[in-house]
>>> print(open('protein.pdb').read())   # PDB, C-alpha atoms
MODEL        1
ATOM      1  CA  MET A   1      31.472  40.801 -20.382  1.00  0.00           C
ATOM      2  CA  SER A   2      28.640  38.336 -20.853  1.00  0.00           C
ATOM      3  CA  LEU A   3      25.481  39.385 -22.638  1.00  0.00           C
ATOM      4  CA  ARG A   4      23.495  36.598 -20.996  1.00  0.00           C
ATOM      5  CA  THR A   5      20.973  37.485 -18.333  1.00  0.00           C
ATOM      6  CA  PRO A   6      21.737  36.269 -14.782  1.00  0.00           C
ATOM      7  CA  LEU A   7      18.665  33.986 -14.945  1.00  0.00           C
ATOM      8  CA  GLY A   8      19.800  32.517 -18.274  1.00  0.00           C
ATOM      9  CA  THR A   9      23.243  31.813 -16.815  1.00  0.00           C
ATOM     10  CA  VAL A  10      21.727  29.998 -13.848  1.00  0.00           C
ATOM     11  CA  LEU A  11      19.339  27.885 -15.941  1.00  0.00           C
ATOM     12  CA  GLY A  12      22.065  27.106 -18.503  1.00  0.00           C
ATOM     13  CA  LEU A  13      19.565  25.961 -21.110  1.00  0.00           C
ATOM     14  CA  GLY A  14      20.738  28.069 -24.057  1.00  0.00           C
ATOM     15  CA  SER A  15      18.443  29.658 -26.616  1.00  0.00           C
ATOM     16  CA  ALA A  16      16.793  26.393 -27.642  1.00  0.00           C
ATOM     17  CA  LYS A  17      15.818  25.606 -24.000  1.00  0.00           C
ATOM     18  CA  GLU A  18      16.787  21.994 -24.522  1.00  0.00           C
ATOM     19  CA  GLY A  19      19.468  19.864 -26.141  1.00  0.00           C
ATOM     20  CA  THR A  20      21.832  19.548 -23.187  1.00  0.00           C
ATOM     21  CA  GLY A  21      19.639  16.665 -22.008  1.00  0.00           C
ATOM     22  CA  HIS A  22      20.580  14.597 -25.047  1.00  0.00           C
ATOM     23  CA  PHE A  23      24.247  15.593 -24.693  1.00  0.00           C
ATOM     24  CA  TRP A  24      24.413  14.637 -21.022  1.00  0.00           C
ATOM     25  CA  GLY A  25      22.388  11.459 -21.509  1.00  0.00           C
ATOM     26  CA  GLN A  26      24.788  10.284 -24.186  1.00  0.00           C
ATOM     27  CA  ARG A  27      27.873  11.031 -22.064  1.00  0.00           C
ATOM     28  CA  VAL A  28      26.683   9.646 -18.743  1.00  0.00           C
ATOM     29  CA  SER A  29      25.238   6.464 -20.301  1.00  0.00           C
ATOM     30  CA  GLY A  30      28.565   6.122 -22.127  1.00  0.00           C
ATOM     31  CA  MET A  31      30.417   6.287 -18.800  1.00  0.00           C
ATOM     32  CA  GLY A  32      28.070   3.659 -17.409  1.00  0.00           C
ATOM     33  CA  LEU A  33      28.624   1.438 -20.425  1.00  0.00           C
ATOM     34  CA  PHE A  34      32.396   1.774 -19.931  1.00  0.00           C
ATOM     35  CA  ILE A  35      32.006   0.032 -16.551  1.00  0.00           C
ATOM     36  CA  VAL A  36      29.309  -2.493 -17.478  1.00  0.00           C
ATOM     37  CA  GLY A  37      30.892  -3.117 -20.884  1.00  0.00           C
ATOM     38  CA  LEU A  38      34.263  -4.015 -19.380  1.00  0.00           C
ATOM     39  CA  TRP A  39      32.467  -6.302 -16.909  1.00  0.00           C
ATOM     40  CA  PHE A  40      30.702  -7.990 -19.840  1.00  0.00           C
ATOM     41  CA  VAL A  41      33.980  -8.501 -21.738  1.00  0.00           C
ATOM     42  CA  TYR A  42      35.577  -9.934 -18.594  1.00  0.00           C
ATOM     43  CA  SER A  43      32.563 -12.250 -18.127  1.00  0.00           C
ATOM     44  CA  ILE A  44      32.707 -13.484 -21.724  1.00  0.00           C
ATOM     45  CA  LEU A  45      36.439 -14.175 -21.336  1.00  0.00           C
ATOM     46  CA  THR A  46      35.969 -16.149 -18.109  1.00  0.00           C
ATOM     47  CA  LEU A  47      32.796 -18.018 -19.149  1.00  0.00           C
ATOM     48  CA  PRO A  48      33.662 -21.751 -19.216  1.00  0.00           C
ATOM     49  CA  GLY A  49      31.605 -22.359 -22.361  1.00  0.00           C
ATOM     50  CA  PHE A  50      28.533 -21.350 -24.341  1.00  0.00           C
ATOM     51  CA  SER A  51      26.304 -24.420 -23.960  1.00  0.00           C
ATOM     52  CA  HIS A  52      22.694 -23.789 -22.911  1.00  0.00           C
ATOM     53  CA  ALA A  53      23.409 -24.976 -19.354  1.00  0.00           C
ATOM     54  CA  GLU A  54      26.533 -22.831 -19.012  1.00  0.00           C
ATOM     55  CA  ALA A  55      24.847 -19.768 -20.513  1.00  0.00           C
ATOM     56  CA  THR A  56      21.713 -19.951 -18.324  1.00  0.00           C
ATOM     57  CA  THR A  57      23.800 -20.596 -15.191  1.00  0.00           C
ATOM     58  CA  PHE A  58      25.807 -17.460 -15.980  1.00  0.00           C
ATOM     59  CA  ILE A  59      22.804 -15.282 -16.904  1.00  0.00           C
ATOM     60  CA  GLY A  60      20.753 -16.496 -13.926  1.00  0.00           C
ATOM     61  CA  ALA A  61      23.345 -15.815 -11.199  1.00  0.00           C
ATOM     62  CA  PRO A  62      21.955 -12.831  -9.208  1.00  0.00           C
ATOM     63  CA  LEU A  63      24.878 -10.410  -9.648  1.00  0.00           C
ATOM     64  CA  ASN A  64      25.287 -11.357 -13.318  1.00  0.00           C
ATOM     65  CA  ALA A  65      21.556 -10.857 -13.914  1.00  0.00           C
ATOM     66  CA  VAL A  66      21.683  -7.376 -12.335  1.00  0.00           C
ATOM     67  CA  MET A  67      24.764  -6.414 -14.376  1.00  0.00           C
ATOM     68  CA  LEU A  68      23.146  -7.764 -17.574  1.00  0.00           C
ATOM     69  CA  LEU A  69      19.956  -5.793 -16.830  1.00  0.00           C
ATOM     70  CA  LEU A  70      22.048  -2.634 -16.390  1.00  0.00           C
ATOM     71  CA  LEU A  71      23.899  -3.459 -19.616  1.00  0.00           C
ATOM     72  CA  VAL A  72      20.855  -3.962 -21.858  1.00  0.00           C
ATOM     73  CA  VAL A  73      18.892  -0.990 -20.464  1.00  0.00           C
ATOM     74  CA  THR A  74      21.848   1.436 -20.644  1.00  0.00           C
ATOM     75  CA  LEU A  75      22.841   0.056 -24.049  1.00  0.00           C
ATOM     76  CA  ALA A  76      19.313   0.500 -25.420  1.00  0.00           C
ATOM     77  CA  TYR A  77      19.248   4.105 -24.147  1.00  0.00           C
ATOM     78  CA  HIS A  78      22.746   4.968 -25.453  1.00  0.00           C
ATOM     79  CA  SER A  79      22.065   3.275 -28.801  1.00  0.00           C
ATOM     80  CA  SER A  80      18.695   5.013 -29.107  1.00  0.00           C
ATOM     81  CA  LEU A  81      20.334   8.437 -28.633  1.00  0.00           C
ATOM     82  CA  GLY A  82      23.112   7.572 -31.097  1.00  0.00           C
ATOM     83  CA  VAL A  83      20.829   6.227 -33.840  1.00  0.00           C
ATOM     84  CA  GLN A  84      18.578   9.267 -33.352  1.00  0.00           C
ATOM     85  CA  VAL A  85      21.481  11.608 -34.215  1.00  0.00           C
ATOM     86  CA  VAL A  86      22.428   9.524 -37.259  1.00  0.00           C
ATOM     87  CA  ILE A  87      18.835   9.638 -38.549  1.00  0.00           C
ATOM     88  CA  GLU A  88      18.612  13.394 -37.923  1.00  0.00           C
ATOM     89  CA  ASP A  89      21.895  13.888 -39.818  1.00  0.00           C
ATOM     90  CA  TYR A  90      21.195  11.777 -42.901  1.00  0.00           C
ATOM     91  CA  VAL A  91      17.421  11.480 -43.388  1.00  0.00           C
ATOM     92  CA  HIS A  92      16.209  14.834 -44.661  1.00  0.00           C
ATOM     93  CA  ALA A  93      12.676  14.196 -45.937  1.00  0.00           C
ATOM     94  CA  HIS A  94      10.461  15.162 -43.013  1.00  0.00           C
ATOM     95  CA  GLY A  95       8.039  12.224 -43.263  1.00  0.00           C
ATOM     96  CA  PHE A  96      10.779   9.614 -43.593  1.00  0.00           C
ATOM     97  CA  LYS A  97      12.769  11.222 -40.776  1.00  0.00           C
ATOM     98  CA  LEU A  98       9.808  11.177 -38.410  1.00  0.00           C
ATOM     99  CA  ALA A  99       8.974   7.573 -39.341  1.00  0.00           C
ATOM    100  CA  ALA A 100      12.600   6.474 -38.894  1.00  0.00           C
ATOM    101  CA  LEU A 101      12.874   8.215 -35.505  1.00  0.00           C
ATOM    102  CA  ILE A 102       9.673   6.590 -34.237  1.00  0.00           C
ATOM    103  CA  LEU A 103      10.689   3.183 -35.647  1.00  0.00           C
ATOM    104  CA  SER A 104      14.099   3.445 -33.938  1.00  0.00           C
ATOM    105  CA  ARG A 105      12.479   4.294 -30.587  1.00  0.00           C
ATOM    106  CA  PHE A 106      10.046   1.374 -30.911  1.00  0.00           C
ATOM    107  CA  ALA A 107      12.822  -1.038 -31.920  1.00  0.00           C
ATOM    108  CA  HIS A 108      15.058   0.003 -29.019  1.00  0.00           C
ATOM    109  CA  THR A 109      12.181  -0.232 -26.556  1.00  0.00           C
ATOM    110  CA  PHE A 110      11.256  -3.676 -27.872  1.00  0.00           C
ATOM    111  CA  LEU A 111      14.846  -4.923 -27.601  1.00  0.00           C
ATOM    112  CA  ALA A 112      15.225  -3.581 -24.065  1.00  0.00           C
ATOM    113  CA  VAL A 113      11.932  -5.125 -22.886  1.00  0.00           C
ATOM    114  CA  ALA A 114      12.688  -8.477 -24.587  1.00  0.00           C
ATOM    115  CA  ALA A 115      16.150  -8.611 -22.985  1.00  0.00           C
ATOM    116  CA  VAL A 116      14.847  -7.638 -19.521  1.00  0.00           C
ATOM    117  CA  TYR A 117      12.143 -10.314 -19.746  1.00  0.00           C
ATOM    118  CA  ALA A 118      14.632 -12.966 -20.865  1.00  0.00           C
ATOM    119  CA  ILE A 119      17.126 -12.173 -18.087  1.00  0.00           C
ATOM    120  CA  ILE A 120      14.462 -12.171 -15.355  1.00  0.00           C
ATOM    121  CA  LYS A 121      12.883 -15.376 -16.720  1.00  0.00           C
ATOM    122  CA  ILE A 122      16.241 -17.169 -16.637  1.00  0.00           C
ATOM    123  CA  GLY A 123      17.081 -15.718 -13.217  1.00  0.00           C
ATOM    124  CA  LEU A 124      13.792 -16.841 -11.655  1.00  0.00           C
ATOM    125  CA  SER A 125      13.853 -20.334 -13.161  1.00  0.00           C
ATOM    126  CA  ALA A 126      17.473 -21.041 -12.192  1.00  0.00           C
TER
ATOM    127  CA  MET B   2      29.502  28.339 -62.886  1.00  0.00           C
ATOM    128  CA  SER B   3      31.720  31.225 -63.986  1.00  0.00           C
ATOM    129  CA  ASN B   4      35.042  31.584 -62.237  1.00  0.00           C
ATOM    130  CA  ASN B   5      36.499  34.785 -63.745  1.00  0.00           C
ATOM    131  CA  GLY B   6      39.966  33.383 -63.068  1.00  0.00           C
ATOM    132  CA  ARG B   7      39.693  33.920 -59.328  1.00  0.00           C
ATOM    133  CA  PRO B   8      41.243  31.246 -57.122  1.00  0.00           C
ATOM    134  CA  LEU B   9      38.968  28.446 -55.956  1.00  0.00           C
ATOM    135  CA  SER B  10      38.956  27.381 -52.354  1.00  0.00           C
ATOM    136  CA  PRO B  11      40.614  24.000 -51.638  1.00  0.00           C
ATOM    137  CA  HIS B  12      38.307  21.100 -52.377  1.00  0.00           C
ATOM    138  CA  ILE B  13      38.122  17.304 -52.100  1.00  0.00           C
ATOM    139  CA  SER B  14      40.581  16.667 -54.961  1.00  0.00           C
ATOM    140  CA  ILE B  15      43.511  18.247 -53.110  1.00  0.00           C
ATOM    141  CA  TYR B  16      42.375  17.377 -49.596  1.00  0.00           C
ATOM    142  CA  ARG B  17      44.793  15.257 -47.585  1.00  0.00           C
ATOM    143  CA  TRP B  18      42.732  12.762 -45.578  1.00  0.00           C
ATOM    144  CA  PRO B  19      43.451  13.380 -41.877  1.00  0.00           C
ATOM    145  CA  ILE B  20      43.593  10.488 -39.419  1.00  0.00           C
ATOM    146  CA  THR B  21      41.171  12.370 -37.148  1.00  0.00           C
ATOM    147  CA  MET B  22      38.585  12.028 -39.929  1.00  0.00           C
ATOM    148  CA  THR B  23      39.070   8.252 -39.937  1.00  0.00           C
ATOM    149  CA  THR B  24      38.490   8.035 -36.181  1.00  0.00           C
ATOM    150  CA  SER B  25      35.491  10.371 -36.391  1.00  0.00           C
ATOM    151  CA  ILE B  26      33.797   8.291 -39.096  1.00  0.00           C
ATOM    152  CA  LEU B  27      34.776   5.035 -37.362  1.00  0.00           C
ATOM    153  CA  HIS B  28      33.226   6.222 -34.096  1.00  0.00           C
ATOM    154  CA  ARG B  29      29.852   6.644 -35.770  1.00  0.00           C
ATOM    155  CA  ALA B  30      30.214   3.477 -37.881  1.00  0.00           C
ATOM    156  CA  THR B  31      31.212   1.304 -34.907  1.00  0.00           C
ATOM    157  CA  GLY B  32      28.337   2.773 -32.866  1.00  0.00           C
ATOM    158  CA  LEU B  33      25.846   1.884 -35.597  1.00  0.00           C
ATOM    159  CA  ALA B  34      27.414  -1.563 -35.998  1.00  0.00           C
ATOM    160  CA  MET B  35      26.932  -2.193 -32.276  1.00  0.00           C
ATOM    161  CA  SER B  36      23.306  -1.040 -32.492  1.00  0.00           C
ATOM    162  CA  VAL B  37      22.863  -3.952 -34.915  1.00  0.00           C
ATOM    163  CA  GLY B  38      24.993  -6.171 -32.654  1.00  0.00           C
ATOM    164  CA  PHE B  39      22.622  -5.296 -29.800  1.00  0.00           C
ATOM    165  CA  ILE B  40      19.920  -7.243 -31.665  1.00  0.00           C
ATOM    166  CA  VAL B  41      22.194 -10.314 -31.591  1.00  0.00           C
ATOM    167  CA  LEU B  42      22.996  -9.828 -27.878  1.00  0.00           C
ATOM    168  CA  VAL B  43      19.267  -9.670 -27.108  1.00  0.00           C
ATOM    169  CA  GLY B  44      18.801 -12.708 -29.372  1.00  0.00           C
ATOM    170  CA  TRP B  45      21.360 -14.637 -27.299  1.00  0.00           C
ATOM    171  CA  LEU B  46      19.543 -13.780 -24.040  1.00  0.00           C
ATOM    172  CA  PHE B  47      16.081 -14.375 -25.523  1.00  0.00           C
ATOM    173  CA  ASP B  48      16.983 -17.719 -27.117  1.00  0.00           C
ATOM    174  CA  ALA B  49      18.656 -18.813 -23.880  1.00  0.00           C
ATOM    175  CA  ALA B  50      15.356 -18.049 -22.099  1.00  0.00           C
ATOM    176  CA  SER B  51      13.368 -19.861 -24.800  1.00  0.00           C
ATOM    177  CA  GLY B  52      14.983 -23.248 -24.190  1.00  0.00           C
ATOM    178  CA  ALA B  53      17.869 -25.509 -25.187  1.00  0.00           C
ATOM    179  CA  GLN B  54      16.599 -26.252 -28.703  1.00  0.00           C
ATOM    180  CA  THR B  55      16.086 -22.613 -29.726  1.00  0.00           C
ATOM    181  CA  TYR B  56      19.422 -21.751 -28.119  1.00  0.00           C
ATOM    182  CA  ALA B  57      21.192 -24.474 -30.133  1.00  0.00           C
ATOM    183  CA  GLY B  58      19.898 -22.830 -33.317  1.00  0.00           C
ATOM    184  CA  PHE B  59      21.352 -19.490 -32.233  1.00  0.00           C
ATOM    185  CA  ILE B  60      24.764 -20.979 -31.370  1.00  0.00           C
ATOM    186  CA  ASN B  61      24.739 -22.867 -34.674  1.00  0.00           C
ATOM    187  CA  TRP B  62      24.280 -19.565 -36.513  1.00  0.00           C
ATOM    188  CA  ILE B  63      26.759 -17.462 -34.526  1.00  0.00           C
ATOM    189  CA  ASP B  64      29.384 -20.243 -34.645  1.00  0.00           C
ATOM    190  CA  SER B  65      29.333 -20.222 -38.480  1.00  0.00           C
ATOM    191  CA  PRO B  66      32.150 -18.503 -40.462  1.00  0.00           C
ATOM    192  CA  ILE B  67      29.883 -15.472 -41.068  1.00  0.00           C
ATOM    193  CA  GLY B  68      28.943 -15.352 -37.390  1.00  0.00           C
ATOM    194  CA  ARG B  69      32.585 -15.460 -36.334  1.00  0.00           C
ATOM    195  CA  VAL B  70      33.559 -12.649 -38.691  1.00  0.00           C
ATOM    196  CA  LEU B  71      30.674 -10.583 -37.297  1.00  0.00           C
ATOM    197  CA  LEU B  72      31.766 -11.306 -33.707  1.00  0.00           C
ATOM    198  CA  ILE B  73      35.341 -10.190 -34.471  1.00  0.00           C
ATOM    199  CA  GLY B  74      33.920  -7.060 -36.082  1.00  0.00           C
ATOM    200  CA  TRP B  75      31.717  -6.312 -33.073  1.00  0.00           C
ATOM    201  CA  SER B  76      34.597  -6.887 -30.662  1.00  0.00           C
ATOM    202  CA  PHE B  77      36.716  -4.346 -32.578  1.00  0.00           C
ATOM    203  CA  ALA B  78      33.726  -1.978 -32.691  1.00  0.00           C
ATOM    204  CA  PHE B  79      33.385  -2.286 -28.911  1.00  0.00           C
ATOM    205  CA  PHE B  80      37.051  -1.637 -28.127  1.00  0.00           C
ATOM    206  CA  PHE B  81      37.318   1.224 -30.621  1.00  0.00           C
ATOM    207  CA  HIS B  82      34.091   2.949 -29.560  1.00  0.00           C
ATOM    208  CA  LEU B  83      35.138   2.578 -25.901  1.00  0.00           C
ATOM    209  CA  SER B  84      38.656   3.975 -26.447  1.00  0.00           C
ATOM    210  CA  ASN B  85      37.516   6.774 -28.727  1.00  0.00           C
ATOM    211  CA  GLY B  86      34.577   7.494 -26.410  1.00  0.00           C
ATOM    212  CA  ILE B  87      37.047   8.312 -23.641  1.00  0.00           C
ATOM    213  CA  ARG B  88      38.874  10.555 -26.148  1.00  0.00           C
ATOM    214  CA  HIS B  89      35.575  12.344 -26.729  1.00  0.00           C
ATOM    215  CA  LEU B  90      35.064  12.773 -22.977  1.00  0.00           C
ATOM    216  CA  VAL B  91      38.539  14.351 -22.720  1.00  0.00           C
ATOM    217  CA  TRP B  92      37.550  16.728 -25.540  1.00  0.00           C
ATOM    218  CA  ASP B  93      34.332  17.554 -23.657  1.00  0.00           C
ATOM    219  CA  SER B  94      36.535  18.830 -20.821  1.00  0.00           C
ATOM    220  CA  GLY B  95      38.116  21.249 -23.321  1.00  0.00           C
ATOM    221  CA  ARG B  96      41.469  19.458 -23.556  1.00  0.00           C
ATOM    222  CA  GLY B  97      43.350  17.729 -26.372  1.00  0.00           C
ATOM    223  CA  PHE B  98      42.209  19.829 -29.339  1.00  0.00           C
ATOM    224  CA  GLU B  99      45.714  20.851 -30.525  1.00  0.00           C
ATOM    225  CA  LYS B 100      46.387  19.392 -33.984  1.00  0.00           C
ATOM    226  CA  THR B 101      49.398  17.322 -32.875  1.00  0.00           C
ATOM    227  CA  THR B 102      47.563  16.065 -29.765  1.00  0.00           C
ATOM    228  CA  ALA B 103      44.409  15.152 -31.715  1.00  0.00           C
ATOM    229  CA  ASN B 104      46.445  13.307 -34.369  1.00  0.00           C
ATOM    230  CA  ALA B 105      48.473  11.434 -31.750  1.00  0.00           C
ATOM    231  CA  SER B 106      45.370  10.425 -29.742  1.00  0.00           C
ATOM    232  CA  ALA B 107      43.688   9.269 -32.978  1.00  0.00           C
ATOM    233  CA  TRP B 108      46.533   6.871 -33.744  1.00  0.00           C
ATOM    234  CA  PHE B 109      46.670   5.848 -30.100  1.00  0.00           C
ATOM    235  CA  VAL B 110      43.003   4.771 -29.892  1.00  0.00           C
ATOM    236  CA  LEU B 111      43.176   3.048 -33.300  1.00  0.00           C
ATOM    237  CA  ILE B 112      46.210   0.958 -32.352  1.00  0.00           C
ATOM    238  CA  LEU B 113      44.843   0.343 -28.841  1.00  0.00           C
ATOM    239  CA  ALA B 114      41.556  -0.953 -30.284  1.00  0.00           C
ATOM    240  CA  VAL B 115      43.363  -3.341 -32.639  1.00  0.00           C
ATOM    241  CA  LEU B 116      45.587  -4.618 -29.800  1.00  0.00           C
ATOM    242  CA  LEU B 117      42.642  -5.069 -27.401  1.00  0.00           C
ATOM    243  CA  THR B 118      40.667  -6.933 -30.086  1.00  0.00           C
ATOM    244  CA  ALA B 119      43.630  -9.226 -30.753  1.00  0.00           C
ATOM    245  CA  ALA B 120      44.204  -9.786 -27.016  1.00  0.00           C
ATOM    246  CA  PHE B 121      40.504 -10.594 -26.508  1.00  0.00           C
ATOM    247  CA  TRP B 122      40.495 -13.333 -29.156  1.00  0.00           C
ATOM    248  CA  VAL B 123      43.854 -14.736 -28.084  1.00  0.00           C
ATOM    249  CA  ILE B 124      42.573 -15.093 -24.498  1.00  0.00           C
ATOM    250  CA  ARG B 125      39.163 -16.434 -25.578  1.00  0.00           C
ATOM    251  CA  SER B 126      40.514 -19.084 -27.991  1.00  0.00           C
TER
ENDMDL
END
>>> encode(input="protein.pdb", output="C-alpha cells")
Amino acid sequence: MSLRTPLGTVLGLGSAKEGTGHFWGQRVSGMGLFIVGLWFVYSILTLPGFSHAEATTFIGAPLNAVMLLLLVVTLAYHSSLGVQVVIEDYVHAHGFKLAALILSRFAHTFLAVAAVYAIIKIGLSA
Amino acid sequence: MSNNGRPLSPHISIYRWPITMTTSILHRATGLAMSVGFIVLVGWLFDAASGAQTYAGFINWIDSPIGRVLLIGWSFAFFFHLSNGIRHLVWDSGRGFEKTTANASAWFVLILAVLLTAAFWVIRS
C-alpha cells in the first residue's frame, strides 16, 4: 500500500518538489556526451596533425563544427552539474559555498561561450 | 569518551578497502580532472581561432613533458568516467547491486579504462 496521494504519484516530484531535474540532467547529458565524446576521440585519432592549418580545417568543417558545439555545450552543462555537487558536498561554510557555486556557474558559462564563439569564428572564416 | 568495556563498532583501522570505493572516488576525481581539462579544450579552440602565432604557443605548451603527462591523465579520466558512467546508468535501472556483481563490474571498468587509454595512445603515436 502506498501512502502517497494520487496527485503526488502523478507529479513524481517527491517532498522537496525538485531535485529530479538535476538527476535527469546529469544522466541525459552523460548519455549525450557518450556519443559526442566517442566521436571526439575518433576525430582526434584520425586527425592528420595538429598544426594551425590542420586544426582550423578540422574545426571549421560544418559537421565537425556542429559536433564540437554540441560537445562544448553539453560538456559545460554536465561539468557544471558535477562541480556543483562536489562543492555542495565539501564546502560547508554558507558564504564560501554560495560564492563557489556562483563562481563555478560563471566559469562554466564563460568557457561555453568562449568555445562557441571560437568554433563559429573558425567555421565562418574557413 | 568512556567505553565501559562495550564493543566498538568497526572503524577505519580494521576496514578492508573495497574496490567499489576506488571506482567511486575515481569517478568523482576523473570528473573533476576533466572539468579542469575542459579549460584546456576551450583553450585549444580559442587559440586556434586567435591565429597561428597564439596557437603555436598553445601547442608548444601542451607538447611539453608536463603537457603530455596531463593529456595521458585526461585520456584515462575520459575512458574511466565513460565506462563507469555506463555502470552508474545500469545501477540507475536497479540492476547490478549484488556485492559480487558490483565488485566484478568495478574491476571490469578499471581494466577496460586502462586498456582503452593504452589503445588510444598506441593508435595516436
>>> interface_residues(input="protein.pdb", of="chain A", to="chain B", cutoff="6 Å", atoms="all atoms listed in the file", output="NGL selection string")
:A and (45 or 52 or 79 or 115 or 118 or 122)
>>> closest_residue(input="protein.pdb", among="B:Arg96, B:Pro11, B:Asn5, B:Ala107", to="Ile26 of chain B", atoms="all atoms listed in the file")
B:Ala107
>>> atom_distance(input="protein.pdb", atom1="atom CA of Leu71 of chain A", atom2="atom CA of Trp92 of chain B")
25.1 Å
>>> residues_around(input="protein.pdb", residues="Leu27 of chain B", least_positions_apart="5", cutoff="10 Å", atoms="all atoms listed in the file", output="compact mmCIF listing (two decimals) with C-alpha atoms, keeping the file's coordinate frame")
# COMPACT_ATOMS: atom_id res chain seq x y z
CA THR B 21 41.17 12.37 -37.15
CA MET B 22 38.58 12.03 -39.93
CA GLY B 32 28.34 2.77 -32.87
CA LEU B 33 25.85 1.88 -35.60
CA ALA B 34 27.41 -1.56 -36.00
CA ALA B 78 33.73 -1.98 -32.69
CA PHE B 81 37.32 1.22 -30.62
CA HIS B 82 34.09 2.95 -29.56
CA ASN B 85 37.52 6.77 -28.73
CA LEU B 111 43.18 3.05 -33.30
>>> resolve_selection(input="protein.pdb", expression="the PyMOL selection byres ((chain A and resi 43) around 12)", output="list in words")
Val36, Gly37, Leu38, Trp39, Phe40, Val41, Tyr42, Ile44, Leu45, Thr46, Leu47, Pro48, Gly49, Phe50, Ala55, Phe58, Ile59, Leu63, Asn64, Ala65, Met67 and Leu68 of chain A; Phe121 and Arg125 of chain B
>>> atom_distance(input="protein.pdb", atom1="atom CA of Glu54 of chain A", atom2="atom CA of Val116 of chain A")
19.2 Å
>>> atom_distance(input="protein.pdb", atom1="atom CA of Leu33 of chain A", atom2="atom CA of Gly123 of chain A")
21.9 Å
>>> residues_around(input="protein.pdb", residues="Ser29 of chain A", least_positions_apart="4", cutoff="10 Å", atoms="only C-alpha atoms", output="list in words")
Trp24, Gly25, Leu33, Phe34, Val73, Thr74, Leu75, Ala76, Tyr77, His78, Ser79 and Leu81 of chain A
>>> residues_around(input="protein.pdb", residues="Leu124 of chain A", least_positions_apart="5", cutoff="10 Å", atoms="only C-alpha atoms", output="PyMOL selection string")
chain A and resi 60-62+119
>>> closest_residue(input="protein.pdb", among="A:Gly30, A:Ile87, A:Ser51, A:Glu18", to="Leu101 of chain A", atoms="only C-alpha atoms")
A:Ile87
>>> build_atoms(input="protein.pdb", residues="segment 58-70 of chain A", atoms="N, CA and C atoms", output="compact mmCIF listing (two decimals), in the coordinates of the input")
# COMPACT_ATOMS: atom_id res chain seq x y z
N PHE A 58 25.16 -18.78 -16.04
CA PHE A 58 25.81 -17.46 -15.98
C PHE A 58 24.77 -16.34 -15.91
N ILE A 59 23.79 -16.37 -16.84
CA ILE A 59 22.80 -15.28 -16.90
C ILE A 59 21.96 -15.24 -15.63
N GLY A 60 21.66 -16.42 -15.07
CA GLY A 60 20.75 -16.50 -13.93
C GLY A 60 21.37 -16.16 -12.58
N ALA A 61 22.71 -16.17 -12.48
CA ALA A 61 23.34 -15.82 -11.20
C ALA A 61 22.98 -14.38 -10.83
N PRO A 62 22.52 -14.14 -9.57
CA PRO A 62 21.96 -12.83 -9.21
C PRO A 62 22.79 -11.61 -9.63
N LEU A 63 24.07 -11.59 -9.30
CA LEU A 63 24.88 -10.41 -9.65
C LEU A 63 25.02 -10.25 -11.16
N ASN A 64 25.20 -11.40 -11.86
CA ASN A 64 25.29 -11.36 -13.32
C ASN A 64 24.00 -10.83 -13.92
N ALA A 65 22.85 -11.29 -13.39
CA ALA A 65 21.56 -10.86 -13.91
C ALA A 65 21.40 -9.35 -13.75
N VAL A 66 21.79 -8.83 -12.58
CA VAL A 66 21.68 -7.38 -12.34
C VAL A 66 22.59 -6.61 -13.30
N MET A 67 23.83 -7.09 -13.47
CA MET A 67 24.76 -6.41 -14.38
C MET A 67 24.26 -6.47 -15.82
N LEU A 68 23.69 -7.63 -16.21
CA LEU A 68 23.15 -7.76 -17.57
C LEU A 68 21.95 -6.84 -17.78
N LEU A 69 21.10 -6.71 -16.74
CA LEU A 69 19.96 -5.79 -16.83
C LEU A 69 20.45 -4.36 -17.02
N LEU A 70 21.46 -3.97 -16.24
CA LEU A 70 22.05 -2.63 -16.39
C LEU A 70 22.62 -2.46 -17.80
